[in-house]
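First the structure, in the form of structure tokens, and then the observations on it.
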Amino acid sequence: MIRITIEVSSRHVHLNRVTWTELFGRRSSLHRQRAISQTGQFAARETVTLIGPRRRIPGVRIVGPLRKSNQVELSATDARFLGCLPPLRDSGDLRGAAPIVIAGPRGRRRVSAAIIQRRHIHASPADCRRYRLRPGTTVRVKIHGPRALLFDRVYVKVDPSFVWALHLDTDEANAARTATGDVAEVFR
Ligand SMILES: [Zn+2]
């Protein structure tokens, strides 16, 4: 049995320098609140408000450090609430990303950056060898428990810096009644 720890990602944003400056001002800087599991990333103390065609969501966490591109990661439930229709994408693939307004204490900016992230596994090349997984393919993952659920088409993302973990969004986690720290089973 191949075991993997579940990590549930709530809605969050990645910002580039231009957007950060527009929202928070030239002299501000991003403050680290806590490390998140994949190497080098952190949840920032600062949050933004997302403004969609229908409604807004305040208190959305920024994940740092700043990046080349803005990226707004939503669940399908968040998207429906906001009134936007983001495509299902891997992180960094912003083709057809939905427009949304991001607001901070000093300003706001409309960006075409909203996606729903495809569920995925983070693996190192060593994990791939150990479990005989091929980078870029998909596997199935079973969540055990009272709302047991078999997720098909779980994408295998590989990088030497990655820590073995399954990433689900809040809709997927709620559907299976699971949470960060639970253990799931991978089927090749
Ligand atoms: Zn991930």
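Residues are referred to by chain and number: the chain letter is A, B, ... according to the order shown in the structure tokens, the number counts from 1 in that chain, and ligands are numbered separately from 1 in the order shown.
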
Taking a cut-off of 7 Å and counting only C-alpha atoms and all ligand atoms, can you build a table that, for each residue of chain A near ligand 1, reports the nearest atom pair and how far apart they are in Å (one decimal), sorted by chain then residue number, as a Markdown table?
| residue | atom | partner | partner_atom_place_in_ligand_line | distance |
| --- | --- | --- | --- | --- |
| A:His120 | CA | ligand 1 | 1 (Zn) | 6.3 |
| A:Ile121 | CA | ligand 1 | 1 (Zn) | 6.9 |
| A:His122 | CA | ligand 1 | 1 (Zn) | 6.2 |
| A:His167 | CA | ligand 1 | 1 (Zn) | 5.1 |

Q) Leaving out Ser29 in chain A and any residue of its chain fewer than 3 positions from it, which residues lie within 12 Å of it when counting only C-alpha atoms, given as an NGL selection string? A) :A and (17 or 20-21 or 23-26 or 32 or 44-46 or 62 or 64-66)

Each range 98-188 of chain A residue no farther than 8 Å from range 47-51 of chain A, nearest pair in Å, only C-alpha atoms, as CSV:
residue,atom,partner,partner_atom,distance
A:Ile100,CA,A:Ile51,CA,6.4
A:Val101,CA,A:Ile51,CA,5.0
A:Ile102,CA,A:Leu50,CA,4.9
A:Ala103,CA,A:Thr49,CA,5.1
A:Gly104,CA,A:Val48,CA,5.1

Q: Write out as a PyMOL selection string which residues come within 8 Å of Arg118 in chain A when counting only C-alpha atoms, dropping same-chain ones fewer than 5 positions away.
A: chain A and resi 88-90+154-155

Written selection (C-alpha atoms) as a PDB file, in the first residue's frame:
ATOM      1  CA  LEU A  88      -9.193  23.860 -14.225  1.00  0.00           C
ATOM      2  CA  ARG A  89      -5.406  24.297 -14.495  1.00  0.00           C
ATOM      3  CA  ASP A  90      -2.071  23.271 -13.063  1.00  0.00           C
ATOM      4  CA  VAL A 154      -4.625  12.992  -9.729  1.00  0.00           C
ATOM      5  CA  TYR A 155      -1.673  14.653 -11.455  1.00  0.00           C
TER       6      TYR A 155
END

Q: Could you tell me how far CA of His31 in chain A lies from CA of Arg11 in chain A, in Å and to one decimal?
A: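 So the two atoms, CA of His31 in chain A and CA of Arg11 in chain A, lie 18.5 Å apart.
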
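Each of A:Cys84, A:Ala184, A:Cys128, A:Ala113 was compared to Leu149 in chain A using only C-alpha atoms, and A:Ala184 turns out to be the nearest.
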